[in-house]
Structure formats: C-alpha cells, structure tokens
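S.K.: To be precise about what I am sending: the file is called upload_1.cif and holds mmCIF, C-alpha atoms.
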data_model
loop_
_atom_site.label_atom_id
_atom_site.label_comp_id
_atom_site.auth_asym_id
_atom_site.auth_seq_id
_atom_site.Cartn_x
_atom_site.Cartn_y
_atom_site.Cartn_z
CA MET Z 105 102.17 -73.36 80.83
CA ASN Z 106 99.24 -75.77 80.47
CA TYR Z 107 98.09 -75.15 84.04
CA ILE Z 108 98.57 -71.38 83.92
CA TRP Z 109 96.60 -71.11 80.72
CA PHE Z 110 93.88 -73.35 82.17
CA LEU Z 111 93.74 -71.24 85.35
CA LEU Z 112 93.59 -67.91 83.50
CA ILE Z 113 90.59 -69.01 81.46
CA VAL Z 114 88.69 -70.95 84.12
CA VAL Z 115 89.13 -68.24 86.78
CA SER Z 116 88.01 -65.59 84.26
CA ILE Z 117 84.82 -67.46 83.40
CA ILE Z 118 83.96 -68.25 87.04
CA PHE Z 119 84.62 -64.68 88.21
CA GLY Z 120 82.85 -63.33 85.17
CA ALA Z 121 79.81 -65.40 86.09
CA ILE Z 122 79.92 -64.25 89.74
CA ASN Z 123 80.23 -60.59 88.71
CA SER Z 124 77.57 -61.13 86.02
CA GLN Z 125 80.19 -60.04 83.47
CA LEU Z 126 80.07 -63.26 81.49
CA ASN Z 127 79.11 -61.40 78.35
CA ALA Z 128 82.04 -59.01 78.75
CA VAL Z 129 84.44 -61.92 79.31
CA ILE Z 130 83.39 -63.65 76.12
CA ASN Z 131 83.52 -60.40 74.16
CA ALA Z 132 87.00 -59.80 75.58
CA ALA Z 133 88.06 -63.24 74.32
CA LEU Z 134 86.90 -62.40 70.80
CA GLU Z 135 88.49 -58.97 70.91
CA GLY Z 136 91.68 -60.59 72.20
CA ALA Z 137 91.71 -62.92 69.20
CA GLN Z 138 91.39 -59.93 66.92
CA LYS Z 139 94.17 -58.13 68.77
CA ALA Z 140 96.45 -61.15 68.30
CA VAL Z 141 95.96 -60.82 64.54
CA GLU Z 142 96.78 -57.11 64.67
CA ILE Z 143 99.93 -57.64 66.74
CA SER Z 144 101.10 -60.48 64.49
CA LEU Z 145 100.62 -58.36 61.38
CA TYR Z 146 102.41 -55.45 63.02
CA LEU Z 147 105.25 -57.78 63.98
CA ILE Z 148 105.57 -59.04 60.40
CA GLY Z 149 106.35 -55.51 59.21
CA ILE Z 150 108.86 -54.69 61.94
CA MET Z 151 110.45 -58.12 61.79
CA ALA Z 152 110.84 -58.04 58.01
CA PHE Z 153 112.46 -54.60 58.22
CA TRP Z 154 115.02 -55.64 60.83
CA LEU Z 155 115.61 -59.13 59.51
CA GLY Z 156 116.44 -57.54 56.16
CA PHE Z 157 119.15 -55.40 57.73
CA MET Z 158 120.31 -58.27 59.93
CA LYS Z 159 120.89 -60.39 56.84
CA ILE Z 160 123.29 -57.76 55.48
CA ALA Z 161 124.97 -57.50 58.89
CA GLU Z 162 125.36 -61.25 59.02
CA LYS Z 163 126.86 -61.62 55.53
CA SER Z 164 129.22 -58.69 55.99
CA GLY Z 165 130.75 -60.23 59.10
CA LEU Z 166 129.51 -57.45 61.38
CA ILE Z 167 127.68 -59.82 63.71
CA ASP Z 168 130.74 -62.06 63.97
CA PHE Z 169 132.76 -59.01 64.92
CA ILE Z 170 130.35 -57.95 67.68
CA ALA Z 171 130.26 -61.54 68.89
CA LYS Z 172 134.05 -61.67 69.14
CA ILE Z 173 134.04 -58.65 71.45
CA ILE Z 174 131.47 -59.98 73.89
CA THR Z 175 132.19 -63.73 73.75
CA PRO Z 176 134.24 -63.70 76.98
CA LEU Z 177 131.25 -62.19 78.76
CA ALA Z 178 128.48 -64.15 77.05
CA GLY Z 179 130.38 -67.45 77.13
CA GLY Z 180 129.69 -67.82 80.84
CA LEU Z 181 125.97 -67.20 80.41
CA PHE Z 182 125.57 -69.31 77.28
CA PRO Z 183 128.20 -72.06 77.58
CA GLU Z 184 126.54 -74.44 75.05
CA ILE Z 185 126.46 -71.94 72.20
CA LYS Z 186 129.53 -69.82 72.82
CA GLU Z 187 131.12 -71.22 69.62
CA ASP Z 188 128.19 -69.93 67.56
CA LYS Z 189 129.24 -66.38 66.72
CA LYS Z 190 125.99 -65.52 64.96
CA ALA Z 191 123.94 -66.45 68.00
CA ILE Z 192 126.19 -64.55 70.42
CA GLY Z 193 126.24 -61.50 68.15
CA ASN Z 194 122.45 -61.45 68.01
CA ILE Z 195 122.19 -61.82 71.78
CA ALA Z 196 124.47 -58.82 72.22
CA MET Z 197 122.40 -56.69 69.87
CA ASN Z 198 119.16 -57.86 71.49
CA PHE Z 199 120.48 -56.81 74.89
CA ALA Z 200 121.71 -53.45 73.66
CA ALA Z 201 118.39 -52.66 71.97
CA ASN Z 202 116.48 -53.61 75.12
CA ALA Z 203 118.75 -51.50 77.29
CA PHE Z 204 117.96 -48.46 75.16
CA GLY Z 205 114.25 -49.17 75.19
CA LEU Z 206 114.10 -50.06 71.50
CA SER Z 207 111.90 -53.10 71.93
CA ASN Z 208 110.81 -53.04 68.28
CA ALA Z 209 114.40 -53.63 67.28
CA ALA Z 210 115.18 -55.97 70.18
CA THR Z 211 112.53 -58.55 69.34
CA PRO Z 212 113.74 -59.48 65.81
CA MET Z 213 117.34 -59.69 67.07
CA GLY Z 214 116.28 -61.90 69.97
CA ILE Z 215 114.29 -64.10 67.61
CA LYS Z 216 117.30 -64.41 65.33
CA ALA Z 217 119.30 -65.52 68.38
CA ILE Z 218 116.72 -68.09 69.49
CA GLU Z 219 116.55 -69.49 65.94
CA LYS Z 220 120.31 -70.08 66.04
CA MET Z 221 119.92 -71.70 69.45
CA GLN Z 222 117.27 -74.02 68.04
CA ASN Z 223 119.94 -75.39 65.65
CA HIS Z 224 121.96 -76.57 68.66
CA ASN Z 225 118.90 -77.83 70.51
CA ILE Z 226 118.50 -81.60 70.71
CA ASP Z 227 114.79 -81.73 71.58
CA LYS Z 228 113.22 -79.25 69.17
CA LYS Z 229 109.97 -78.98 71.16
CA SER Z 230 111.64 -78.23 74.49
CA ALA Z 231 113.53 -75.08 75.49
CA SER Z 232 117.32 -75.41 75.81
CA ASN Z 233 119.32 -73.88 78.67
CA ALA Z 234 120.55 -71.13 76.36
CA MET Z 235 116.98 -70.26 75.35
CA CYS Z 236 115.87 -70.08 78.97
CA MET Z 237 118.78 -67.74 79.71
CA LEU Z 238 117.92 -65.50 76.76
CA LEU Z 239 114.29 -65.39 77.91
CA ALA Z 240 115.37 -64.66 81.48
CA MET Z 241 117.33 -61.66 80.17
CA ASN Z 242 114.35 -60.51 78.12
CA THR Z 243 111.58 -61.02 80.67
CA ALA Z 244 113.47 -59.19 83.40
CA GLY Z 245 112.97 -55.98 81.44
CA PHE Z 246 116.35 -54.35 81.86
CA GLN Z 247 116.18 -50.80 80.54
CA LEU Z 248 118.40 -47.78 81.06
CA VAL Z 249 115.65 -45.16 80.73
CA PRO Z 250 111.91 -45.91 80.96
CA ALA Z 251 111.07 -43.37 78.28
CA THR Z 252 107.34 -44.13 77.85
CA ILE Z 253 106.62 -43.92 81.58
CA ILE Z 254 108.49 -40.61 81.80
CA ALA Z 255 106.41 -39.34 78.89
CA ILE Z 256 103.18 -40.32 80.67
CA LEU Z 257 104.24 -38.64 83.92
CA ALA Z 258 105.16 -35.50 82.00
CA ALA Z 259 101.81 -35.59 80.22
CA CYS Z 260 100.08 -35.76 83.61
CA GLY Z 261 101.79 -32.55 84.73
CA ASP Z 262 104.91 -33.88 86.46
CA LYS Z 263 107.49 -31.08 86.32
CA ASN Z 264 110.38 -33.39 87.04
CA PRO Z 265 109.55 -36.90 85.83
CA THR Z 266 113.20 -37.93 85.41
CA VAL Z 267 113.56 -38.41 89.17
CA ILE Z 268 112.34 -41.96 88.56
CA VAL Z 269 115.23 -42.80 86.22
CA LEU Z 270 117.78 -43.74 88.88
CA PRO Z 271 115.41 -45.72 91.14
CA THR Z 272 113.99 -47.56 88.12
CA LEU Z 273 117.50 -48.41 86.95
CA VAL Z 274 118.32 -49.80 90.40
CA VAL Z 275 115.15 -51.91 90.34
CA THR Z 276 115.67 -53.32 86.83
CA THR Z 277 119.30 -54.09 87.60
CA ILE Z 278 118.24 -56.05 90.67
CA ALA Z 279 115.54 -57.94 88.75
CA PHE Z 280 117.88 -58.60 85.82
CA THR Z 281 120.69 -59.93 88.00
CA PHE Z 282 118.22 -62.04 89.93
CA ALA Z 283 116.75 -63.48 86.71
CA ILE Z 284 120.19 -64.53 85.46
CA LEU Z 285 121.10 -66.07 88.80
CA ILE Z 286 117.91 -68.14 89.09
CA ALA Z 287 118.17 -69.21 85.45
CA LYS Z 288 121.69 -70.46 86.25
CA VAL Z 289 120.45 -72.29 89.34
CA PHE Z 290 117.48 -73.88 87.52
CA GLU Z 291 119.82 -74.93 84.72
CA LYS Z 292 121.67 -77.12 87.23
CA ILE Z 293 118.66 -78.63 88.98
CA TRP Z 294 116.00 -78.74 86.23
CA LYS Z 295 116.96 -81.53 83.88
CA PRO Z 296 115.19 -81.56 80.49
CA GLN Z 297 113.78 -85.10 80.81
CA GLU Z 298 111.90 -84.30 84.03
CA VAL Z 299 109.97 -81.62 82.23
CA ASN Z 300 108.02 -84.05 80.08
CA THR Z 301 105.62 -84.72 82.92
CA ASN Z 302 105.96 -81.39 84.64
CA ASP Z 303 105.27 -78.66 82.19
CA MET T 956 121.63 -34.08 81.97
CA ILE T 957 121.83 -37.88 82.14
CA LYS T 958 118.45 -38.07 80.50
CA SER T 959 119.48 -35.91 77.57
CA ILE T 960 122.55 -38.09 77.02
CA PHE T 961 120.40 -41.21 76.99
CA ASP T 962 117.83 -39.53 74.76
CA THR T 963 120.53 -38.67 72.27
CA ILE T 964 121.87 -42.23 72.30
CA SER T 965 118.37 -43.64 71.87
CA LEU T 966 117.69 -41.29 69.00
CA TRP T 967 120.92 -42.08 67.16
CA LEU T 968 121.26 -45.77 67.92
CA ILE T 969 118.93 -47.02 65.18
CA PRO T 970 120.13 -44.64 62.43
CA CYS T 971 123.73 -45.54 63.35
CA ILE T 972 123.01 -49.28 63.24
CA ILE T 973 121.39 -48.89 59.83
CA LEU T 974 124.27 -46.79 58.47
CA ILE T 975 126.97 -49.09 59.85
CA VAL T 976 125.23 -52.17 58.43
CA LEU T 977 124.81 -50.56 55.00
CA PHE T 978 128.41 -49.30 54.88
CA CYS T 979 129.82 -52.68 55.93
CA GLY T 980 127.81 -54.34 53.18
CA ILE T 981 128.83 -51.86 50.48
CA ILE T 982 132.52 -51.95 51.46
CA LYS T 983 132.49 -55.75 51.19
CA LYS T 984 130.77 -55.35 47.79
CA LEU T 985 127.78 -57.40 48.87
CA PRO T 986 124.44 -57.29 46.98
CA ILE T 987 122.82 -55.45 49.90
CA TYR T 988 119.46 -54.91 48.22
CA GLU T 989 119.03 -58.61 47.44
CA LEU T 990 120.20 -59.56 50.92
CA PHE T 991 117.69 -57.19 52.48
CA ILE T 992 114.82 -58.69 50.46
CA ASP T 993 116.02 -62.17 51.30
CA GLY T 994 116.13 -61.43 55.04
CA ALA T 995 112.81 -59.60 55.01
CA LYS T 996 111.09 -62.69 53.59
CA ASP T 997 111.68 -64.42 56.91
CA GLY T 998 109.70 -61.70 58.69
CA ALA T 999 106.38 -62.98 57.35
CA LYS T 1000 107.29 -66.53 58.31
CA VAL T 1001 108.12 -65.53 61.87
CA GLY T 1002 104.89 -63.55 62.22
CA ILE T 1003 102.81 -66.55 61.15
CA ASN T 1004 104.70 -68.91 63.47
CA ILE T 1005 104.12 -66.60 66.42
CA PHE T 1006 100.43 -66.03 65.75
CA PRO T 1007 98.84 -69.07 67.49
CA TYR T 1008 101.03 -68.58 70.57
CA LEU T 1009 100.06 -64.92 70.81
CA LEU T 1010 96.40 -65.73 70.25
CA ALA T 1011 96.32 -68.26 73.09
CA ILE T 1012 97.84 -65.89 75.64
CA ILE T 1013 96.15 -62.67 74.58
CA VAL T 1014 92.68 -64.27 74.63
CA ALA T 1015 93.24 -65.67 78.12
CA ILE T 1016 94.56 -62.35 79.46
CA SER T 1017 91.77 -60.30 77.88
CA MET T 1018 89.24 -62.60 79.53
CA LEU T 1019 90.93 -62.23 82.92
CA ARG T 1020 90.90 -58.45 82.70
CA ALA T 1021 87.22 -58.35 81.75
CA SER T 1022 86.17 -60.77 84.49
CA GLY T 1023 86.75 -58.43 87.45
CA THR T 1024 89.20 -60.84 89.11
CA ILE T 1025 91.84 -58.13 89.53
CA GLU T 1026 89.39 -55.80 91.31
CA PHE T 1027 88.34 -58.67 93.56
CA LEU T 1028 91.98 -59.33 94.55
CA GLY T 1029 92.30 -55.62 95.32
CA SER T 1030 89.36 -55.64 97.74
CA VAL T 1031 90.64 -58.77 99.51
CA LEU T 1032 94.29 -57.75 99.81
CA GLY T 1033 93.87 -54.02 100.47
CA ASP T 1034 94.66 -53.94 104.21
CA LEU T 1035 97.58 -56.30 103.97
CA PHE T 1036 99.12 -54.22 101.18
CA ASN T 1037 98.81 -50.94 103.04
CA LYS T 1038 100.84 -52.41 105.89
CA ILE T 1039 103.80 -53.11 103.59
CA HIS T 1040 103.76 -49.66 101.94
CA ILE T 1041 101.93 -50.72 98.80
CA PRO T 1042 98.93 -48.45 98.14
CA ILE T 1043 96.08 -50.55 96.82
CA ASP T 1044 95.81 -48.51 93.61
CA VAL T 1045 99.17 -49.94 92.58
CA LEU T 1046 97.87 -53.53 92.73
CA PRO T 1047 96.60 -53.61 89.12
CA ILE T 1048 100.14 -52.75 87.99
CA MET T 1049 101.58 -55.65 89.96
CA VAL T 1050 99.07 -58.03 88.38
CA VAL T 1051 99.09 -56.66 84.85
CA ARG T 1052 102.80 -55.84 84.46
CA SER T 1053 103.66 -59.36 83.28
CA LEU T 1054 100.59 -59.54 81.04
CA SER T 1055 100.05 -56.41 79.01
CA GLY T 1056 102.30 -53.48 78.22
CA SER T 1057 99.65 -51.17 76.81
CA ALA T 1058 97.33 -51.77 79.78
CA ILE T 1059 100.10 -50.82 82.19
CA LEU T 1060 100.66 -47.46 80.52
CA GLY T 1061 96.93 -46.78 80.88
CA ILE T 1062 96.99 -47.63 84.57
CA VAL T 1063 99.99 -45.39 85.26
CA GLY T 1064 98.27 -42.53 83.45
CA ASP T 1065 95.14 -43.16 85.50
CA ILE T 1066 97.04 -43.16 88.81
CA ALA T 1067 99.08 -40.08 87.89
CA SER T 1068 95.95 -38.12 87.04
CA THR T 1069 93.89 -39.19 90.08
CA HIS T 1070 96.74 -38.81 92.63
CA ASP T 1071 99.27 -36.03 92.99
CA VAL T 1072 102.03 -36.66 90.42
CA ASN T 1073 104.63 -36.27 93.17
CA SER T 1074 102.88 -38.66 95.55
CA TYR T 1075 104.39 -41.90 96.79
CA THR T 1076 101.63 -43.83 94.99
CA THR T 1077 102.42 -42.30 91.60
CA ARG T 1078 106.17 -42.74 92.07
CA LEU T 1079 105.78 -46.40 93.04
CA ALA T 1080 103.39 -47.00 90.13
CA ALA T 1081 105.80 -45.37 87.67
CA ILE T 1082 108.86 -47.24 88.95
CA MET T 1083 107.02 -50.57 89.01
CA ALA T 1084 105.75 -50.00 85.48
CA GLY T 1085 109.11 -48.73 84.21
CA SER T 1086 110.91 -51.83 85.43
CA SER T 1087 108.35 -54.27 84.06
CA GLU T 1088 108.37 -56.49 81.03
CA THR T 1089 105.42 -58.42 79.64
CA THR T 1090 106.75 -61.87 80.52
CA PHE T 1091 103.93 -63.87 78.94
CA TYR T 1092 104.09 -61.93 75.70
CA VAL T 1093 107.88 -62.27 75.45
CA LEU T 1094 107.66 -66.03 76.04
CA ALA T 1095 104.88 -66.44 73.45
CA VAL T 1096 106.77 -64.45 70.81
CA TYR T 1097 110.21 -66.02 71.27
CA PHE T 1098 109.15 -69.62 71.78
CA GLY T 1099 106.45 -69.23 69.15
CA ALA T 1100 109.04 -68.19 66.59
CA VAL T 1101 110.87 -71.53 66.84
CA GLY T 1102 107.92 -73.75 67.81
CA ILE T 1103 109.03 -74.56 71.37
CA LYS T 1104 106.10 -75.99 73.36
CA LYS T 1105 107.83 -77.01 76.58
CA TYR T 1106 109.05 -73.86 78.30
CA ARG T 1107 110.89 -75.75 81.09
CA TYR T 1108 111.96 -73.22 83.74
CA ALA T 1109 111.69 -70.15 81.50
CA LEU T 1110 108.21 -69.22 82.75
CA LEU T 1111 109.06 -69.76 86.42
CA THR T 1112 112.25 -67.71 86.00
CA GLY T 1113 110.26 -64.88 84.42
CA ILE T 1114 107.63 -64.92 87.18
CA LEU T 1115 110.24 -65.04 89.96
CA ALA T 1116 112.14 -62.17 88.33
CA ASP T 1117 108.89 -60.18 88.15
CA PHE T 1118 108.31 -60.89 91.80
CA ALA T 1119 111.84 -59.78 92.69
CA GLY T 1120 111.23 -56.66 90.61
CA ILE T 1121 108.05 -55.85 92.55
CA ILE T 1122 109.78 -56.24 95.92
CA ALA T 1123 112.77 -54.21 94.73
CA ALA T 1124 110.44 -51.50 93.40
CA VAL T 1125 108.67 -51.14 96.76
CA LEU T 1126 111.95 -51.07 98.72
CA VAL T 1127 113.68 -48.63 96.38
CA THR T 1128 110.66 -46.31 96.12
CA TYR T 1129 110.34 -46.31 99.90
CA LEU T 1130 114.04 -45.45 100.27
CA PHE T 1131 113.95 -42.70 97.64
CA PHE T 1132 110.51 -41.16 98.17
CA GLY T 1133 108.95 -42.79 101.29
#
Show me this structure written as structure tokens.
M.R.:
Amino acid sequence: MNYIWFLLIVVSIIFGAINSQLNAVINAALEGAQKAVEISLYLIGIMAFWLGFMKIAEKSGLIDFIAKIITPLAGGLFPEIKEDKKAIGNIAMNFAANAFGLSNAATPMGIKAIEKMQNHNIDKKSASNAMCMLLAMNTAGFQLVPATIIAILAACGDKNPTVIVLPTLVVTTIAFTFAILIAKVFEKIWKPQEVNTND
Amino acid sequence: MIKSIFDTISLWLIPCIILIVLFCGIIKKLPIYELFIDGAKDGAKVGINIFPYLLAIIVAISMLRASGTIEFLGSVLGDLFNKIHIPIDVLPIMVVRSLSGSAILGIVGDIASTHDVNSYTTRLAAIMAGSSETTFYVLAVYFGAVGIKKYRYALLTGILADFAGIIAAVLVTYLFFG
C-alpha cells in the first residue's frame, strides 16, 4: 500500500506538471479531502442505523441462527473463525446484502464481521487470513443485478437495458470465484511475518 | 421477468430484515430501543476510525484523475486495445472501476449518450461497470474500521480479481454482443 499510494501521488504531480494542470491537481487534492469528510459523515449515519439494528439481532440470537445455517459453507472459507458464530453470521448478511446491491447495508455488516475477526487476530496491525478472505469477497463485487447501471442505460434511452443482467452476472461470478481462489492460494504461500518488509 | 423478481426481492429485503429483527427482539422481551441506541453509538466511532484511511486514498485518487494520466494512457494504448476488442472509450472504466464508484457511473452515462445505446462499446462499458467494485475504497473502509495497517495480500487479491473481471467482461461481452 505504501508504494501504490506513493505512485498515485507522484505520478499525478508529474503528469499534472507536464499537462500544465498542476493547479487542478492540487485543487483536486483539497476537494478530495473535503469529500472524505462528507463520505465519513454519511457513513456515520448509515452505520449507526444498521449497527443499532444489528445489536438487537445479535442479542436476540438471530445472527447465531443465521450462522448455524451457513457454517458448513463458510467454515471452509474462514477456517480460523468458524467457531465464532457472530462473525460468520455477519459475513453471511454482508454477502447477502452485496448480492442484492444493498451496499449501504452491506458495509456495516462487513465491518461488524471484521471487528469480530480482529478479536481472533494475533497481530492487530496486520490483516488476518479471514480478513483477507472477507475483503476478497467484497472487492470482487459480486452482485445479482447491477441496478444503477441499468438505470443509467434506461435514462440514456436504452429500450431493453436488462440484456446486460445475465452477462454481468456471469462476469461477477467469474471474478468472485477467482478472488476466493487466489485468496486461498495466497493464504498458503504468504506468511504474515514476511509482510513486515514487503507491504 | 427475472428482473422484476430481483427488484421485488431488493425492495423487500431491507424492510423484511428490519421487521424480523424487531420481532425477534420483542418476542425475546429484549429492551430493543436501548439496544438500538447502544449499537448506534458505535456508528460514530467507526466513522471516525475510517476517516484518515478514506482521506489518504480519496486525495490520491482525486489527484490522479485531475492530472490527465488516464487520458495519456488512452492515447498510448489505443491501437493495442482495439486489436483485443476493447474500444478505447472503455479504458477510463477499466482504470477508474477500482477507484471511484460515482465516477464510473458518470463515464457509463457519457459513453451511453455519445455512442448508440445498443452498441458493443456501450454494452462492454455497462457490463464492466456493473461487475466492478471500488477495491481501494472497500479496503480503506474495512481495514480503517479496525486499524489494520498491513494489508498483506488483500490488495493484490483485489487487483487480480479486478483484472480477471476485466478480461471476463471483454470475453463475455464479445460472446453475447460481439
């Protein structure tokens, strides 16, 4: 992450200078900072709303119940935390919300799951295998129906925008499966202690 | 038909979750109002934890988009991309899809209004955008929430999955609409 961040900024400034857009680049940085505040504030509202409901779900045993149903499936993907019903339950709900394109609901559930994973994590500054798997599932962008894109196509005069549903589903399924597979492979070859110098 | 089924599920999923959660709480005679307030308190904490992570990545990405680097890549790679059935107008989507969700929607709208909506270019753009997730944002939010600084292979996994998604999108679009 250090190198990627370094590259993003250095390349932007150099290219900005070449294109005589240096002013725009610096303005964009300041606007970006402002946008980060807006997104964080927005997240606080959504998160608080869902975390409130999740607390009730947790205390009423609902999350444990969901976890029990999917543990056989999730146990293979998250071997270290399969005993932690709360974590597994949250993962299941995070996945379901993502699949239905409800990313506002998915994020708080995913964060709840990663918080539980942090309790099992030995090195609190470094991502555990379970966290990397959860992130692999979330960054692959699995979604049953790309509703916003369909809405844009329809707005641009497409009479039949739903033709993209099936191909998009095929693509996200491929990417999602691939993400899980490579996360599993990296888990075997990428030992935590090597990362100290690498990342 | 399939779409209307999914739309109905999407519409009812959140109300159903809320109702089920509330009913489970009431049946077990839990103090649901207090529990809600208690859980909601954590929301502010999470938002503050995430903030510096988001700031770092959003600033860097905003700078990149303003610098003209993406346009430069487009002019260099244009010919190569045409050979492998990727119209050059789709390139910004490939670059931005891991970085910014709102930008991607803008680009798709732009492509759909400048090309024919039924064209291969628009279809590819839509499918690529529809299968994308903002990898950097997701990493910043999730790891930010628990203060993880070493991402290990999570970033590489996300980038490789994006790459697989791009290739799959081109192949699938070509098979369906090429």
S.K.: Spell out the residues picked by the PyMOL selection byres ((chain Z) within 6 of (chain T)) here, as an MDAnalysis selection string.
M.R.: chainID Z and resid 112:113 116 119:120 129 132:133 136:137 140 144 148 151:153 155:157 159:161 164 204 215 229:231 236 240 243:245 250 260 262 272 275:276 279 283
S.K.: Quick one: pull the distance between atom CA of Asn194 of chain Z and atom CA of Pro970 of chain T, Å, one decimal.
M.R.: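 Separating atom CA of Asn194 of chain Z from atom CA of Pro970 of chain T is a distance of 17.9 Å.
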S.K.: Which residue is closest to Trp967 of chain T? Choose from Z:Ile286, Z:Ile167, Z:Ala234, Z:Ala201 and count all atoms listed in the file.
M.R.: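 Selected residue with least distance to Trp967 of chain T: Z:Ala201.
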S.K.: Do you have the atom CA of Ala1095 of chain T-atom CA of Ala287 of chain Z distance handy?
M.R.: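 Distance reported for this atom pair: 18.1 Å.
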S.K.: Which residues are near Thr266 of chain Z? Cut-off 8 Å, all atoms listed in the file, ignore same chain within fewer than 2 positions. Put them as a PyMOL selection string.
M.R.: (chain Z and resi 254+264+268-269) or (chain T and resi 958)
S.K.: For the residues in that selection, give me C-alpha atoms as an mmCIF file, in the coordinates of the input.
M.R.:
data_model
loop_
_atom_site.group_PDB
_atom_site.id
_atom_site.type_symbol
_atom_site.label_atom_id
_atom_site.label_comp_id
_atom_site.auth_asym_id
_atom_site.auth_seq_id
_atom_site.Cartn_x
_atom_site.Cartn_y
_atom_site.Cartn_z
ATOM 1 C CA ILE Z 254 108.490 -40.610 81.800
ATOM 2 C CA ASN Z 264 110.380 -33.390 87.040
ATOM 3 C CA ILE Z 268 112.340 -41.960 88.560
ATOM 4 C CA VAL Z 269 115.230 -42.800 86.220
ATOM 5 C CA LYS T 958 118.450 -38.070 80.500
#
S.K.: The centre and edge lengths of an axis-aligned box containing all atoms of segment 194-198 of chain Z present in the file, extended by 8 Å on each side, are to be given in Å to one decimal, as lines of an AutoDock Vina configuration file.
M.R.:
center_x = 121.8
center_y = -59.3
center_z = 70.1
size_x = 21.3
size_y = 21.1
size_z = 20.2
S.K.: Quick one: distance from atom CA of Asn242 of chain Z to atom CA of Ile195 of chain Z in Å, one decimal?
M.R.: 10.2 Å
S.K.: Find, counting all atoms listed in the file, the residue in Z:Ile118, Z:Ala196, Z:Met105, Z:Leu145 that gets nearest to Ile173 of chain Z.
M.R.: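 Among the listed residues, Z:Ala196 lies closest to Ile173 of chain Z.
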S.K.: Please return segment 163-180 of chain Z, rebuilt to N, CA, C and O atoms, as a PDB file, in the frame of the given file.
M.R.:
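Listed below is the output, selection-v6.pdb:
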ATOM      1  N   LYS Z 163     125.994 -61.281  56.672  1.00  0.00           N
ATOM      2  CA  LYS Z 163     126.860 -61.620  55.530  1.00  0.00           C
ATOM      3  C   LYS Z 163     128.125 -60.779  55.508  1.00  0.00           C
ATOM      4  O   LYS Z 163     129.147 -61.186  54.986  1.00  0.00           O
ATOM      5  N   SER Z 164     128.051 -59.547  56.054  1.00  0.00           N
ATOM      6  CA  SER Z 164     129.220 -58.690  55.990  1.00  0.00           C
ATOM      7  C   SER Z 164     130.198 -58.967  57.133  1.00  0.00           C
ATOM      8  O   SER Z 164     131.255 -58.356  57.204  1.00  0.00           O
ATOM      9  N   GLY Z 165     129.837 -59.882  58.015  1.00  0.00           N
ATOM     10  CA  GLY Z 165     130.750 -60.230  59.100  1.00  0.00           C
ATOM     11  C   GLY Z 165     130.626 -59.330  60.314  1.00  0.00           C
ATOM     12  O   GLY Z 165     131.357 -59.470  61.281  1.00  0.00           O
ATOM     13  N   LEU Z 166     129.667 -58.393  60.278  1.00  0.00           N
ATOM     14  CA  LEU Z 166     129.510 -57.450  61.380  1.00  0.00           C
ATOM     15  C   LEU Z 166     129.086 -58.156  62.670  1.00  0.00           C
ATOM     16  O   LEU Z 166     129.591 -57.857  63.757  1.00  0.00           O
ATOM     17  N   ILE Z 167     128.171 -59.111  62.531  1.00  0.00           N
ATOM     18  CA  ILE Z 167     127.680 -59.820  63.710  1.00  0.00           C
ATOM     19  C   ILE Z 167     128.785 -60.663  64.334  1.00  0.00           C
ATOM     20  O   ILE Z 167     128.936 -60.720  65.556  1.00  0.00           O
ATOM     21  N   ASP Z 168     129.601 -61.294  63.468  1.00  0.00           N
ATOM     22  CA  ASP Z 168     130.740 -62.060  63.970  1.00  0.00           C
ATOM     23  C   ASP Z 168     131.686 -61.166  64.775  1.00  0.00           C
ATOM     24  O   ASP Z 168     132.216 -61.565  65.808  1.00  0.00           O
ATOM     25  N   PHE Z 169     131.854 -59.947  64.257  1.00  0.00           N
ATOM     26  CA  PHE Z 169     132.760 -59.010  64.920  1.00  0.00           C
ATOM     27  C   PHE Z 169     132.241 -58.631  66.310  1.00  0.00           C
ATOM     28  O   PHE Z 169     132.978 -58.647  67.296  1.00  0.00           O
ATOM     29  N   ILE Z 170     130.949 -58.289  66.386  1.00  0.00           N
ATOM     30  CA  ILE Z 170     130.350 -57.950  67.680  1.00  0.00           C
ATOM     31  C   ILE Z 170     130.449 -59.145  68.631  1.00  0.00           C
ATOM     32  O   ILE Z 170     130.765 -59.004  69.810  1.00  0.00           O
ATOM     33  N   ALA Z 171     130.207 -60.331  68.079  1.00  0.00           N
ATOM     34  CA  ALA Z 171     130.260 -61.540  68.890  1.00  0.00           C
ATOM     35  C   ALA Z 171     131.649 -61.737  69.497  1.00  0.00           C
ATOM     36  O   ALA Z 171     131.787 -62.089  70.664  1.00  0.00           O
ATOM     37  N   LYS Z 172     132.684 -61.465  68.665  1.00  0.00           N
ATOM     38  CA  LYS Z 172     134.050 -61.670  69.140  1.00  0.00           C
ATOM     39  C   LYS Z 172     134.336 -60.805  70.367  1.00  0.00           C
ATOM     40  O   LYS Z 172     134.972 -61.215  71.314  1.00  0.00           O
ATOM     41  N   ILE Z 173     133.798 -59.563  70.340  1.00  0.00           N
ATOM     42  CA  ILE Z 173     134.040 -58.650  71.450  1.00  0.00           C
ATOM     43  C   ILE Z 173     133.388 -59.153  72.741  1.00  0.00           C
ATOM     44  O   ILE Z 173     133.979 -59.087  73.807  1.00  0.00           O
ATOM     45  N   ILE Z 174     132.167 -59.656  72.648  1.00  0.00           N
ATOM     46  CA  ILE Z 174     131.470 -59.980  73.890  1.00  0.00           C
ATOM     47  C   ILE Z 174     131.510 -61.469  74.259  1.00  0.00           C
ATOM     48  O   ILE Z 174     130.960 -61.861  75.287  1.00  0.00           O
ATOM     49  N   THR Z 175     132.166 -62.300  73.435  1.00  0.00           N
ATOM     50  CA  THR Z 175     132.190 -63.730  73.750  1.00  0.00           C
ATOM     51  C   THR Z 175     132.715 -64.047  75.160  1.00  0.00           C
ATOM     52  O   THR Z 175     132.135 -64.869  75.855  1.00  0.00           O
ATOM     53  N   PRO Z 176     133.780 -63.384  75.619  1.00  0.00           N
ATOM     54  CA  PRO Z 176     134.240 -63.700  76.980  1.00  0.00           C
ATOM     55  C   PRO Z 176     133.137 -63.516  78.013  1.00  0.00           C
ATOM     56  O   PRO Z 176     133.018 -64.290  78.955  1.00  0.00           O
ATOM     57  N   LEU Z 177     132.315 -62.489  77.810  1.00  0.00           N
ATOM     58  CA  LEU Z 177     131.250 -62.190  78.760  1.00  0.00           C
ATOM     59  C   LEU Z 177     130.082 -63.153  78.588  1.00  0.00           C
ATOM     60  O   LEU Z 177     129.558 -63.718  79.540  1.00  0.00           O
ATOM     61  N   ALA Z 178     129.671 -63.343  77.330  1.00  0.00           N
ATOM     62  CA  ALA Z 178     128.480 -64.150  77.050  1.00  0.00           C
ATOM     63  C   ALA Z 178     128.758 -65.641  77.193  1.00  0.00           C
ATOM     64  O   ALA Z 178     127.836 -66.411  77.459  1.00  0.00           O
ATOM     65  N   GLY Z 179     130.037 -66.039  77.041  1.00  0.00           N
ATOM     66  CA  GLY Z 179     130.380 -67.450  77.130  1.00  0.00           C
ATOM     67  C   GLY Z 179     129.945 -68.075  78.454  1.00  0.00           C
ATOM     68  O   GLY Z 179     129.473 -69.204  78.494  1.00  0.00           O
ATOM     69  N   GLY Z 180     130.074 -67.319  79.529  1.00  0.00           N
ATOM     70  CA  GLY Z 180     129.690 -67.820  80.840  1.00  0.00           C
ATOM     71  C   GLY Z 180     128.183 -68.011  80.962  1.00  0.00           C
ATOM     72  O   GLY Z 180     127.718 -68.937  81.611  1.00  0.00           O
TER      73      GLY Z 180
END
